[in-house]
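Student: Pasting protein-v3.txt here (compact mmCIF, C-alpha atoms):
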# COMPACT_ATOMS: atom_id res chain seq x y z
CA MET A 1 -1.94 28.59 12.95
CA SER A 2 -1.96 28.17 16.71
CA TRP A 3 1.12 26.73 18.40
CA GLN A 4 -0.71 23.66 19.72
CA TYR A 5 -1.34 22.32 16.23
CA SER A 6 2.10 23.10 14.85
CA SER A 7 4.04 21.72 17.81
CA ALA A 8 1.94 18.55 17.80
CA ALA A 9 2.64 18.15 14.07
CA LEU A 10 6.35 18.68 14.70
CA PHE A 11 6.31 16.09 17.48
CA LEU A 12 4.71 13.53 15.16
CA LEU A 13 7.26 14.28 12.42
CA LEU A 14 10.07 13.70 14.94
CA ALA A 15 8.38 10.40 15.84
CA ILE A 16 8.58 9.45 12.16
CA VAL A 17 12.28 10.32 12.02
CA ALA A 18 12.88 8.26 15.18
CA GLY A 19 10.98 5.40 13.57
CA LEU A 20 13.38 5.44 10.61
CA GLY A 21 15.92 3.83 12.93
CA ARG A 22 13.59 0.88 13.37
CA ILE A 23 13.36 0.42 9.62
CA LEU A 24 17.13 0.54 9.20
CA ARG A 25 17.89 -1.72 12.16
CA GLY A 26 15.09 -4.24 11.74
CA PRO A 27 15.79 -6.90 12.89
CA THR A 28 12.91 -8.72 11.17
CA ALA A 29 10.93 -7.70 8.08
CA ALA A 30 7.84 -7.26 10.25
CA ASP A 31 9.60 -4.63 12.39
CA SER A 32 10.44 -2.56 9.31
CA MET A 33 6.97 -2.91 7.86
CA LEU A 34 5.26 -1.99 11.14
CA ALA A 35 7.45 1.10 11.37
CA ALA A 36 6.28 2.07 7.87
CA GLN A 37 2.69 1.52 9.01
CA LEU A 38 3.35 3.77 12.01
CA PHE A 39 4.56 6.41 9.56
CA GLY A 40 1.26 6.13 7.73
CA THR A 41 -0.66 6.70 10.96
CA CYS A 42 1.58 9.62 11.96
CA GLY A 43 1.25 11.09 8.47
CA VAL A 44 -2.55 10.95 8.66
CA ALA A 45 -2.44 12.62 12.08
CA ILE A 46 -0.07 15.35 10.83
CA LEU A 47 -2.30 16.04 7.84
CA LEU A 48 -5.42 16.26 10.01
CA LEU A 49 -3.65 18.60 12.46
CA LEU A 50 -2.50 20.83 9.61
CA ALA A 51 -5.97 20.73 8.07
CA ARG A 52 -7.42 22.06 11.34
CA GLY A 53 -4.58 24.46 12.05
CA LEU A 54 -4.42 25.99 8.58
CA GLU A 55 -8.16 25.56 7.93
CA TRP A 56 -7.32 23.91 4.65
CA GLU A 57 -9.91 21.22 3.95
CA VAL A 58 -8.05 19.57 1.07
CA LEU A 59 -5.60 18.06 3.54
CA GLN A 60 -8.42 15.93 4.95
CA ASP A 61 -8.80 14.31 1.53
CA ILE A 62 -5.09 13.52 1.43
CA ALA A 63 -5.32 12.02 4.92
CA LEU A 64 -8.27 9.91 3.76
CA VAL A 65 -6.34 8.57 0.77
CA PHE A 66 -3.34 7.86 3.00
CA ALA A 67 -5.42 5.95 5.52
CA LEU A 68 -7.05 3.87 2.79
CA LEU A 69 -3.87 3.00 0.93
CA ALA A 70 -1.68 2.32 3.96
CA ALA A 71 -3.89 -0.70 4.58
CA LEU A 72 -3.10 -1.94 1.06
CA ALA A 73 0.64 -2.18 1.73
CA ALA A 74 -0.09 -3.96 5.01
CA VAL A 75 -2.30 -6.53 3.25
CA ALA A 76 0.32 -7.07 0.53
CA PHE A 77 2.99 -7.55 3.17
CA ALA A 78 0.92 -10.00 5.22
CA LEU A 79 0.06 -12.09 2.16
CA ARG A 80 3.26 -11.89 0.12
CA THR A 81 6.10 -11.64 2.62
CA TRP A 82 5.02 -12.52 6.11
CA GLY A 83 4.81 -16.32 5.73
CA GLY A 84 1.98 -15.92 3.25
CA THR A 85 0.65 -19.09 1.67
CA GLU A 86 2.62 -20.37 -1.31
CA ARG A 87 1.32 -18.74 -4.46
CA MET B 1 3.41 29.20 15.54
CA MET B 2 5.76 30.09 12.76
CA ASP B 3 8.74 28.69 14.67
CA ALA B 4 7.41 25.17 15.10
CA MET B 5 6.47 25.00 11.41
CA GLY B 6 9.91 26.34 10.51
CA ILE B 7 11.52 23.46 12.40
CA PHE B 8 8.98 21.11 10.79
CA ASP B 9 10.12 22.21 7.33
CA MET B 10 13.78 21.95 8.30
CA VAL B 11 13.33 18.39 9.58
CA LEU B 12 11.51 17.48 6.35
CA ALA B 13 14.23 19.06 4.21
CA LEU B 14 16.95 17.14 6.07
CA ALA B 15 15.12 13.82 6.35
CA LEU B 16 14.14 13.59 2.69
CA PRO B 17 17.61 13.50 1.05
CA TRP B 18 18.97 11.35 3.89
CA LEU B 19 16.14 8.86 3.37
CA GLY B 20 16.73 8.88 -0.37
CA TRP B 21 20.41 8.18 0.11
CA ARG B 22 19.79 5.33 2.57
CA LEU B 23 17.21 3.90 0.18
CA LEU B 24 19.63 3.88 -2.75
CA ALA B 25 22.51 2.58 -0.65
CA SER B 26 20.56 -0.25 0.96
CA PRO B 27 21.79 -3.66 -0.19
CA ASP B 28 18.65 -5.32 1.20
CA LEU B 29 15.82 -4.99 -1.34
CA PHE B 30 13.06 -5.42 1.22
CA ARG B 31 14.46 -2.67 3.42
CA ALA B 32 14.83 -0.43 0.37
CA MET B 33 11.18 -1.06 -0.44
CA VAL B 34 10.03 -0.11 3.09
CA LEU B 35 12.21 3.01 2.88
CA PHE B 36 10.60 3.83 -0.46
CA ILE B 37 7.12 3.71 1.11
CA SER B 38 8.37 6.04 3.88
CA LEU B 39 9.91 8.32 1.28
CA GLY B 40 6.53 8.53 -0.45
CA LEU B 41 4.94 9.63 2.80
CA LEU B 42 7.54 12.33 3.54
CA MET B 43 7.32 13.41 -0.12
CA ALA B 44 3.55 13.87 0.22
CA LEU B 45 4.04 15.93 3.38
CA THR B 46 6.62 18.02 1.53
CA TRP B 47 4.21 18.67 -1.34
CA VAL B 48 1.63 19.78 1.23
CA ARG B 49 4.16 22.22 2.71
CA LEU B 50 4.90 23.47 -0.83
CA GLN B 51 1.18 24.27 -1.27
CA ALA B 52 0.70 21.58 -3.94
CA PRO B 53 -2.14 19.41 -2.60
CA ASP B 54 -2.83 17.88 -6.05
CA VAL B 55 0.66 16.42 -6.24
CA ALA B 56 0.46 15.37 -2.59
CA LEU B 57 -2.74 13.43 -3.34
CA ALA B 58 -1.16 11.63 -6.29
CA GLU B 59 1.98 10.89 -4.27
CA ALA B 60 -0.11 9.54 -1.38
CA ALA B 61 -2.06 7.25 -3.69
CA ILE B 62 0.73 6.06 -5.97
CA GLY B 63 4.02 6.55 -4.12
CA ALA B 64 3.00 5.34 -0.70
CA GLY B 65 0.21 2.91 -1.55
CA LEU B 66 0.15 1.26 -4.96
CA THR B 67 3.90 1.09 -5.52
CA GLY B 68 4.40 -0.53 -2.13
CA ALA B 69 2.05 -3.37 -3.01
CA LEU B 70 3.62 -3.69 -6.46
CA PHE B 71 7.16 -3.85 -5.04
CA LEU B 72 6.17 -6.41 -2.40
CA SER B 73 4.71 -8.71 -5.04
CA ALA B 74 7.67 -8.14 -7.38
CA LEU B 75 10.10 -8.88 -4.55
CA ARG B 76 8.47 -12.22 -3.82
CA ARG B 77 8.58 -13.14 -7.47
CA LEU B 78 12.23 -12.06 -7.76
CA GLU B 79 13.18 -14.21 -4.80
CA ARG B 80 11.61 -17.28 -6.32
CA LEU B 81 13.11 -16.52 -9.75
CA SER B 82 16.61 -16.01 -8.39
CA GLU B 83 16.39 -19.30 -6.48
CA ALA B 84 15.50 -21.14 -9.66
CA GLU B 85 18.13 -19.28 -11.66
CA ARG B 86 20.85 -19.98 -9.18
CA ARG B 87 20.26 -23.67 -9.62
CA LEU B 88 19.98 -23.55 -13.42
CA ALA B 89 22.59 -21.08 -14.58
CA PHE B 90 25.24 -21.30 -11.91
CA ALA B 91 28.09 -22.31 -14.20
CA GLY B 92 27.12 -20.00 -17.07
CA LYS B 93 26.97 -16.93 -14.89
CA ARG B 94 30.39 -17.54 -13.40
CA GLU B 95 32.09 -17.52 -16.80
CA GLU B 96 30.29 -14.34 -17.82
CA GLU B 97 31.49 -12.52 -14.73
CA ASP B 98 35.05 -13.60 -15.33
CA GLU B 99 35.07 -12.07 -18.81
CA ILE B 100 35.40 -8.51 -17.45
CA PRO B 101 38.96 -8.05 -16.21
CA PRO B 102 39.21 -6.55 -12.73
CA GLU B 103 41.39 -3.62 -13.79
CA ARG B 104 38.63 -2.40 -16.12
CA HIS B 105 36.27 -2.48 -13.16
CA ARG B 106 38.67 -0.28 -11.25
CA ARG B 107 38.92 2.21 -14.09
CA ALA B 108 35.15 2.27 -14.75
CA LYS B 109 34.26 3.34 -11.22
CA PRO B 110 35.85 6.84 -11.16
CA VAL B 111 34.54 7.50 -14.67
CA ALA B 112 31.00 6.63 -13.59
CA TYR B 113 31.24 8.75 -10.44
CA GLY B 114 32.77 11.63 -12.41
CA LEU B 115 29.97 11.49 -14.98
CA ALA B 116 27.34 11.42 -12.24
CA LEU B 117 28.92 14.42 -10.52
CA LEU B 118 29.15 16.28 -13.83
CA LEU B 119 25.47 15.64 -14.57
CA LEU B 120 24.57 16.78 -11.07
CA ALA B 121 26.58 19.98 -11.52
CA VAL B 122 24.89 20.69 -14.87
CA PHE B 123 21.50 20.07 -13.27
CA VAL B 124 22.21 22.43 -10.37
CA LEU B 125 23.49 25.09 -12.79
CA LEU B 126 20.34 24.74 -14.90
CA LEU B 127 18.20 25.06 -11.78
CA ALA B 128 20.06 28.18 -10.67
CA TRP B 129 19.83 29.65 -14.18
CA SER B 130 16.07 29.06 -14.45
CA LEU B 131 15.59 30.44 -10.95
CA ALA B 132 17.43 33.61 -11.98
CA GLN B 133 15.31 33.85 -15.16
CA THR B 134 11.95 33.48 -13.39
CA PRO B 135 10.39 36.87 -12.69
CA ALA B 136 9.61 37.35 -9.02
CA GLY B 137 6.05 36.56 -7.91
CA GLY B 138 5.05 35.75 -11.46
CA GLY B 139 4.70 32.42 -13.14
CA LEU B 140 1.59 31.47 -15.03
CA GLY B 141 -0.66 31.61 -11.96
CA PRO B 142 -2.19 35.05 -12.63
CA ALA B 143 -2.79 34.23 -16.32
CA VAL B 144 -4.64 31.04 -15.35
CA GLY B 145 -6.63 32.95 -12.72
CA GLU B 146 -7.80 35.46 -15.33
CA GLN B 147 -9.15 32.77 -17.65
CA LEU B 148 -10.56 30.52 -14.91
CA GLY B 149 -14.11 31.72 -15.50
CA GLN B 150 -14.13 30.27 -19.02
CA SER B 151 -12.74 26.87 -18.07
CA GLY B 152 -15.92 25.39 -16.60
CA VAL B 153 -14.21 24.34 -13.35
CA ARG B 154 -13.14 26.17 -10.22
CA SER B 155 -9.85 24.36 -9.62
CA GLU B 156 -6.88 25.96 -11.37
CA VAL B 157 -5.02 22.67 -11.71
CA THR B 158 -7.99 20.90 -13.29
CA ALA B 159 -8.57 23.89 -15.57
CA VAL B 160 -5.00 23.64 -16.86
CA LEU B 161 -4.93 19.86 -17.11
CA LEU B 162 -8.30 19.31 -18.76
CA ASN B 163 -8.95 22.54 -20.59
CA PHE B 164 -6.07 24.94 -21.25
CA ARG B 165 -3.52 22.21 -21.86
CA GLY B 166 -5.89 19.31 -22.42
CA TYR B 167 -3.68 17.70 -25.05
CA ASP B 168 -0.96 17.08 -22.45
CA THR B 169 -3.40 15.06 -20.41
CA LEU B 170 -4.67 13.33 -23.55
CA LEU B 171 -1.13 12.20 -24.32
CA GLU B 172 -0.57 11.09 -20.71
CA VAL B 173 -3.69 8.96 -20.81
CA MET B 174 -2.41 7.49 -24.09
CA VAL B 175 0.97 6.70 -22.52
CA LEU B 176 -0.72 4.74 -19.74
CA PHE B 177 -2.86 2.96 -22.32
CA LEU B 178 0.25 2.00 -24.31
CA ALA B 179 1.97 0.77 -21.15
CA ALA B 180 -0.94 -1.56 -20.42
CA LEU B 181 -0.94 -2.74 -24.06
CA GLY B 182 2.77 -3.47 -23.81
CA VAL B 183 2.34 -5.56 -20.68
CA TRP B 184 -0.68 -7.36 -22.12
CA SER B 185 1.19 -8.27 -25.29
CA LEU B 186 4.02 -9.84 -23.27
CA THR B 187 2.27 -12.38 -21.15
CA ARG B 188 -0.98 -13.71 -19.78
CA VAL B 189 -1.77 -13.12 -16.14
CA ARG B 190 -1.29 -16.05 -13.79
CA LEU B 191 -3.98 -16.13 -11.15
CA PRO B 192 -4.03 -18.87 -8.56
CA LEU B 193 -6.10 -21.78 -9.85
CA GLN B 194 -7.83 -22.97 -6.74
CA ASP B 195 -10.68 -21.27 -4.96
CA GLU B 196 -8.97 -20.15 -1.82
CA GLU B 197 -11.22 -18.71 0.84
CA PRO B 198 -9.55 -15.63 2.30
CA GLY B 199 -9.33 -15.77 6.09
CA PRO B 200 -11.99 -14.01 8.17
CA VAL B 201 -9.76 -10.98 8.85
CA LEU B 202 -8.87 -10.48 5.21
CA ALA B 203 -12.46 -11.13 4.06
CA THR B 204 -13.81 -8.49 6.46
CA LEU B 205 -11.11 -6.02 5.48
CA VAL B 206 -11.86 -6.46 1.78
CA ARG B 207 -15.59 -6.16 2.39
CA LEU B 208 -15.06 -2.89 4.26
CA LEU B 209 -12.23 -1.35 2.27
CA ALA B 210 -13.02 -2.14 -1.37
CA PRO B 211 -16.41 -0.33 -1.49
CA LEU B 212 -14.93 2.56 0.49
CA MET B 213 -12.05 2.88 -1.98
CA ILE B 214 -14.41 2.90 -4.95
CA MET B 215 -16.54 5.55 -3.26
CA VAL B 216 -13.51 7.72 -2.47
CA ALA B 217 -12.33 7.34 -6.08
CA GLY B 218 -15.65 8.75 -7.28
CA TYR B 219 -15.45 11.52 -4.68
CA LEU B 220 -11.96 12.52 -5.82
CA VAL B 221 -13.06 12.77 -9.46
CA TRP B 222 -16.07 14.89 -8.49
CA ILE B 223 -14.20 17.18 -6.11
CA GLY B 224 -11.47 17.67 -8.73
CA GLY B 225 -13.71 20.30 -10.33
CA SER B 226 -13.40 22.67 -7.39
CA ARG B 227 -10.21 21.71 -5.50
CA ALA B 228 -7.46 19.05 -5.40
CA GLY B 229 -8.46 15.77 -6.97
CA GLY B 230 -9.19 14.53 -10.45
CA ALA B 231 -8.93 11.58 -12.80
CA PHE B 232 -5.41 10.45 -11.92
CA GLN B 233 -5.94 10.53 -8.17
CA GLY B 234 -9.37 8.91 -8.43
CA GLY B 235 -8.03 6.31 -10.86
CA ALA B 236 -5.17 5.45 -8.52
CA VAL B 237 -7.54 4.87 -5.62
CA LEU B 238 -9.78 2.79 -7.90
CA ALA B 239 -6.73 0.75 -8.88
CA ALA B 240 -5.98 0.23 -5.18
CA ALA B 241 -9.41 -1.38 -4.82
CA GLY B 242 -8.57 -3.63 -7.78
CA VAL B 243 -5.18 -4.57 -6.34
CA LEU B 244 -6.81 -5.35 -2.99
CA LEU B 245 -9.30 -7.68 -4.71
CA LEU B 246 -6.47 -9.30 -6.68
CA LEU B 247 -4.40 -9.78 -3.53
CA ALA B 248 -7.27 -11.33 -1.64
CA ASN B 249 -7.93 -13.58 -4.67
CA VAL B 250 -11.65 -12.95 -4.55
CA THR B 251 -13.67 -15.15 -6.91
CA VAL B 252 -15.40 -12.15 -8.46
CA VAL B 253 -12.13 -10.88 -9.94
CA ARG B 254 -11.64 -14.05 -11.97
CA GLN B 255 -15.20 -13.89 -13.26
CA ILE B 256 -14.88 -10.43 -14.82
CA PRO B 257 -15.17 -11.04 -18.57
CA ALA B 258 -12.04 -10.11 -20.51
CA ALA B 259 -14.10 -8.01 -22.96
CA LEU B 260 -15.28 -5.80 -20.09
CA LEU B 261 -11.67 -5.24 -18.99
CA ARG B 262 -10.66 -4.35 -22.55
CA TRP B 263 -13.47 -1.81 -22.83
CA GLY B 264 -12.62 -0.43 -19.39
CA LEU B 265 -9.04 0.01 -20.53
CA ALA B 266 -10.04 1.76 -23.75
CA LEU B 267 -12.96 3.86 -22.46
CA GLY B 268 -10.99 6.88 -21.24
CA PRO B 269 -8.54 7.23 -24.17
CA LEU B 270 -11.36 6.59 -26.67
CA LEU B 271 -13.71 9.21 -25.22
CA PHE B 272 -10.89 11.71 -24.84
CA LEU B 273 -9.78 11.22 -28.43
CA LEU B 274 -13.35 11.37 -29.76
CA THR B 275 -13.93 14.62 -27.91
CA ALA B 276 -10.75 16.06 -29.38
CA VAL B 277 -11.75 15.06 -32.90
CA VAL B 278 -15.31 16.35 -32.49
CA CYS B 279 -13.98 19.69 -31.22
CA VAL B 280 -11.78 20.02 -34.31
CA ALA B 281 -14.62 18.93 -36.62
CA ALA B 282 -16.90 21.56 -35.09
CA GLY B 283 -14.47 24.23 -36.19
CA GLY B 284 -12.60 24.82 -32.94
CA ASN B 285 -9.16 23.90 -31.74
CA LEU B 286 -8.20 20.53 -30.32
CA LEU B 287 -10.20 20.01 -27.11
CA GLU B 288 -11.79 23.47 -27.29
CA TYR B 289 -15.06 22.74 -25.51
CA PRO B 290 -18.07 25.03 -25.87
CA PRO B 291 -17.56 27.40 -22.88
CA GLN B 292 -21.03 26.99 -21.36
CA ARG B 293 -20.79 23.18 -21.40
CA ALA B 294 -17.09 22.91 -20.51
CA GLY B 295 -17.73 21.78 -16.92
CA ALA B 296 -19.90 18.86 -18.03
CA TRP B 297 -17.40 17.81 -20.71
CA ILE B 298 -14.54 17.88 -18.23
CA LEU B 299 -16.45 15.80 -15.69
CA LEU B 300 -17.38 13.26 -18.38
CA ILE B 301 -13.82 12.93 -19.64
CA GLU B 302 -12.44 12.77 -16.11
CA SER B 303 -14.87 10.04 -15.08
CA ALA B 304 -14.09 7.90 -18.11
CA SER B 305 -10.36 8.50 -17.70
CA ALA B 306 -10.51 7.61 -14.00
CA VAL B 307 -12.13 4.25 -14.84
CA SER B 308 -9.50 3.56 -17.49
CA ILE B 309 -6.60 4.66 -15.30
CA GLY B 310 -7.91 2.45 -12.49
CA VAL B 311 -8.20 -0.57 -14.81
CA THR B 312 -4.79 0.20 -16.35
CA LEU B 313 -2.92 0.45 -13.06
CA ALA B 314 -4.61 -2.67 -11.68
CA ALA B 315 -3.78 -4.48 -14.94
CA LEU B 316 -0.17 -3.36 -14.66
CA TYR B 317 -0.12 -4.78 -11.14
CA ALA B 318 -1.62 -8.07 -12.35
CA GLY B 319 1.13 -8.14 -14.96
CA GLY B 320 -0.53 -9.61 -18.05
CA ARG B 321 -3.61 -9.87 -20.20
CA PRO B 322 -6.65 -11.59 -18.70
CA PRO B 323 -6.76 -15.39 -18.89
CA GLU B 324 -8.37 -16.60 -22.12
CA PRO B 325 -10.67 -19.52 -21.09
CA PRO B 326 -13.84 -18.67 -19.11
CA ALA B 327 -12.66 -18.26 -15.55
CA GLN B 328 -15.48 -20.11 -13.77
CA ASP B 329 -14.63 -23.43 -15.51
CA ARG B 330 -10.99 -23.95 -14.66
CA GLY B 331 -9.70 -20.48 -13.86
CA GLY B 332 -6.10 -19.40 -14.40
CA GLU B 333 -4.05 -19.79 -17.56
CA GLN B 334 -4.28 -23.03 -19.40
CA GLY B 335 -3.05 -23.73 -22.85
CA PRO B 336 -5.18 -25.33 -25.56
CA GLY B 337 -3.31 -28.59 -24.96
CA ARG B 338 -4.71 -28.90 -21.48
CA ASP B 339 -8.23 -28.23 -22.76
CA ALA B 340 -7.93 -30.95 -25.39
CA ASP B 341 -6.71 -33.38 -22.76
CA ALA B 342 -9.62 -32.62 -20.51
CA ASP B 343 -12.07 -33.11 -23.40
CA ALA B 344 -10.51 -36.44 -24.30
CA GLY B 345 -10.72 -37.53 -20.68
CA GLY B 346 -14.39 -36.62 -20.59
CA ARG B 347 -15.15 -38.69 -23.67
CA GLN B 348 -13.49 -41.83 -22.44
Turn the structure described in the file into structure tokens.

Tutor:
Amino acid sequence: MSWQYSSAALFLLLAIVAGLGRILRGPTAADSMLAAQLFGTCGVAILLLLARGLEWEVLQDIALVFALLAALAAVAFALRTWGGTER
Amino acid sequence: MMDAMGIFDMVLALALPWLGWRLLASPDLFRAMVLFISLGLLMALTWVRLQAPDVALAEAAIGAGLTGALFLSALRRLERLSEAERRLAFAGKREEEDEIPPERHRRAKPVAYGLALLLLAVFVLLLAWSLAQTPAGGGLGPAVGEQLGQSGVRSEVTAVLLNFRGYDTLLEVMVLFLAALGVWSLTRVRLPLQDEEPGPVLATLVRLLAPLMIMVAGYLVWIGGSRAGGAFQGGAVLAAAGVLLLLANVTVVRQIPAALLRWGLALGPLLFLLTAVVCVAAGGNLLEYPPQRAGAWILLIESASAVSIGVTLAALYAGGRPPEPPAQDRGGEQGPGRDADADAGGRQ
């Protein structure tokens, strides 16, 4: 695996770890949730980088599932927590 | 290079337990939930690094996606419940709390921590012992590889799950089925009564995402024959489509006949069980498919199971059996009393 792919993946993982601070500090629920969404995006990017770097196609499927299901949590948050209509 | 990936693994190994600890220690339930979603993501990455893409797929679908939506909805319900309870049972709760004397509290804490530490120590010892017992470079991998030709599929994991140890998967499918039965026997689902048009953003998102999710679910079941994927992963993604439709409160969801849901729930377990019985009746072992048709059997069982797992997980999210009266009339749950009233009103 060439160093470009692995160092980019490492950088994105460090971005996730840095984002953990945002979740812990908040201050609002939306900040935490958006940080989690950022993790989803970073995770997809890491998986795609590893898929290219390791030439391991399965990782693309995992990235696809991640991308699809990250949207689900965002929708649930927008409807159920973020001032969603009374249900 | 090796070095960057080494640091990558180190960061993962450090971040994962730290995240788990923060998640358990968080007094704020919402924050704990967001941390849980993040934990699911790091978990999936860890499974990828451990060369277990099947588990990573399941973790991505269930840990990071479905559970997040489930927790968010549960949290909202909890908040409303606790508000109502605080008003109703304020006095009663106070007395109950006072019954435990404070000195017993103080004594219970070290005992609980001691027990937890003891269990942890036993667990670590067991891990070390089993690690010492495992022959180097062995495991069951080579044995599975030898027999792979007979299994009808090219993926080792699917071969084990659906062929070599098919009864494990049969029992797992049954467990999910029982879980859904348990929830259905407790309560009836409460869908919002009114027709609420989802906003343009949500409507577009649902229109784009739901078909894509269903397609990906089918893809995962199909690809499970040759690499990572399979009924559980496909079913989880299918369930995500169902949860999305439930969240958006699309009219179509309320118009699905209850009988269709019941059949969807039972399809996978029923077909799996029938296959098992037929295999025994034909003189073989439980789930011993004819070798030349094994691939087709596995695909059939996986497809049916994926549908059932999808319906089951979505039903678990909905949290009850489908509403009894035809949905297009009045929707939602309504007792027979309300129906009688409406009839009387019509006659007058």

Student: Identify, on the basis of only C-alpha atoms, every residue whose closest approach to range 35-49 of chain A does not exceed 8 Å; exclude the query and any residue fewer than 3 positions from it along the same chain; express the result as a PyMOL selection string.

Tutor: (chain A and resi 5-6+8-9+12-13+15-16+19-20+22-23+31-32+52-53+59-60+62-64+66-67+70+74) or (chain B and resi 34-35+37-38+41+45)

Student: What's around Glu156 in chain B at 12 Å? Count only C-alpha atoms, leave out sequence neighbours fewer than 3 positions away in its own chain, and write the answer as a PDB file with C-alpha atoms, keeping the file's coordinate frame.

Tutor:
ATOM      1  CA  ALA B  52       0.700  21.580  -3.940  1.00  0.00           C
ATOM      2  CA  PRO B  53      -2.140  19.410  -2.600  1.00  0.00           C
ATOM      3  CA  ASP B  54      -2.830  17.880  -6.050  1.00  0.00           C
ATOM      4  CA  LEU B 140       1.590  31.470 -15.030  1.00  0.00           C
ATOM      5  CA  GLY B 141      -0.660  31.610 -11.960  1.00  0.00           C
ATOM      6  CA  PRO B 142      -2.190  35.050 -12.630  1.00  0.00           C
ATOM      7  CA  ALA B 143      -2.790  34.230 -16.320  1.00  0.00           C
ATOM      8  CA  VAL B 144      -4.640  31.040 -15.350  1.00  0.00           C
ATOM      9  CA  GLY B 145      -6.630  32.950 -12.720  1.00  0.00           C
ATOM     10  CA  GLU B 146      -7.800  35.460 -15.330  1.00  0.00           C
ATOM     11  CA  GLN B 147      -9.150  32.770 -17.650  1.00  0.00           C
ATOM     12  CA  LEU B 148     -10.560  30.520 -14.910  1.00  0.00           C
ATOM     13  CA  GLY B 149     -14.110  31.720 -15.500  1.00  0.00           C
ATOM     14  CA  GLN B 150     -14.130  30.270 -19.020  1.00  0.00           C
ATOM     15  CA  SER B 151     -12.740  26.870 -18.070  1.00  0.00           C
ATOM     16  CA  GLY B 152     -15.920  25.390 -16.600  1.00  0.00           C
ATOM     17  CA  VAL B 153     -14.210  24.340 -13.350  1.00  0.00           C
ATOM     18  CA  ALA B 159      -8.570  23.890 -15.570  1.00  0.00           C
ATOM     19  CA  VAL B 160      -5.000  23.640 -16.860  1.00  0.00           C
ATOM     20  CA  LEU B 161      -4.930  19.860 -17.110  1.00  0.00           C
ATOM     21  CA  LEU B 162      -8.300  19.310 -18.760  1.00  0.00           C
ATOM     22  CA  ASN B 163      -8.950  22.540 -20.590  1.00  0.00           C
ATOM     23  CA  PHE B 164      -6.070  24.940 -21.250  1.00  0.00           C
ATOM     24  CA  ARG B 165      -3.520  22.210 -21.860  1.00  0.00           C
ATOM     25  CA  GLY B 224     -11.470  17.670  -8.730  1.00  0.00           C
ATOM     26  CA  GLY B 225     -13.710  20.300 -10.330  1.00  0.00           C
ATOM     27  CA  SER B 226     -13.400  22.670  -7.390  1.00  0.00           C
ATOM     28  CA  ARG B 227     -10.210  21.710  -5.500  1.00  0.00           C
ATOM     29  CA  ALA B 228      -7.460  19.050  -5.400  1.00  0.00           C
ATOM     30  CA  GLY B 229      -8.460  15.770  -6.970  1.00  0.00           C
ATOM     31  CA  GLY B 230      -9.190  14.530 -10.450  1.00  0.00           C
TER      32      GLY B 230
END

Student: Applying 7 Å and all atoms listed in the file, which residues near range 64-71 of chain B remain after dropping the ones on its own chain fewer than 2 positions away? List them as number ranges by chain.

Tutor: A: 69-70, 72-73, 76; B: 33, 37, 40-41, 59-62, 73-75, 240, 317

Student: Restricting the calculation to all atoms listed in the file, which member of B:Leu170, B:Leu126, B:Leu244, B:Leu205 is positioned closest to Thr275 in chain B?

Tutor: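 Ranked by minimum distance to Thr275 in chain B, first place goes to B:Leu170.
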
Student: May I ask for the distance between CA of Gly26 in chain A and CA of Leu81 in chain B, given in Å to one decimal place?

Tutor: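 Value for the CA of Gly26 in chain A-CA of Leu81 in chain B distance: 24.8 Å.
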
Student: Report the distance between CA of Tyr113 in chain B and CA of Met43 in chain B in Å, rounded to one decimal place.

Tutor: 26.5 Å

Student: Please measure the separation of CA of Ala236 in chain B and CA of Glu302 in chain B, giving the value in Å to one decimal.

Tutor: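 We find that CA of Ala236 in chain B and CA of Glu302 in chain B lie 12.8 Å from each other.
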
Student: For a quick check of understanding, using all atoms listed in the file, which of B:Val311, B:Leu261, B:Val237, B:Val175 has the smallest distance to Leu68 in chain A?

Tutor: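 Nearest candidate to Leu68 in chain A out of B:Val311, B:Leu261, B:Val237, B:Val175: B:Val237.
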
Student: Would you mind telling me which residue in B:Val173, B:Val216, B:Val189, B:Leu88 lies nearest to chain A when using all atoms listed in the file?

Tutor: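 So, comparing all the options, the nearest one is B:Val216.
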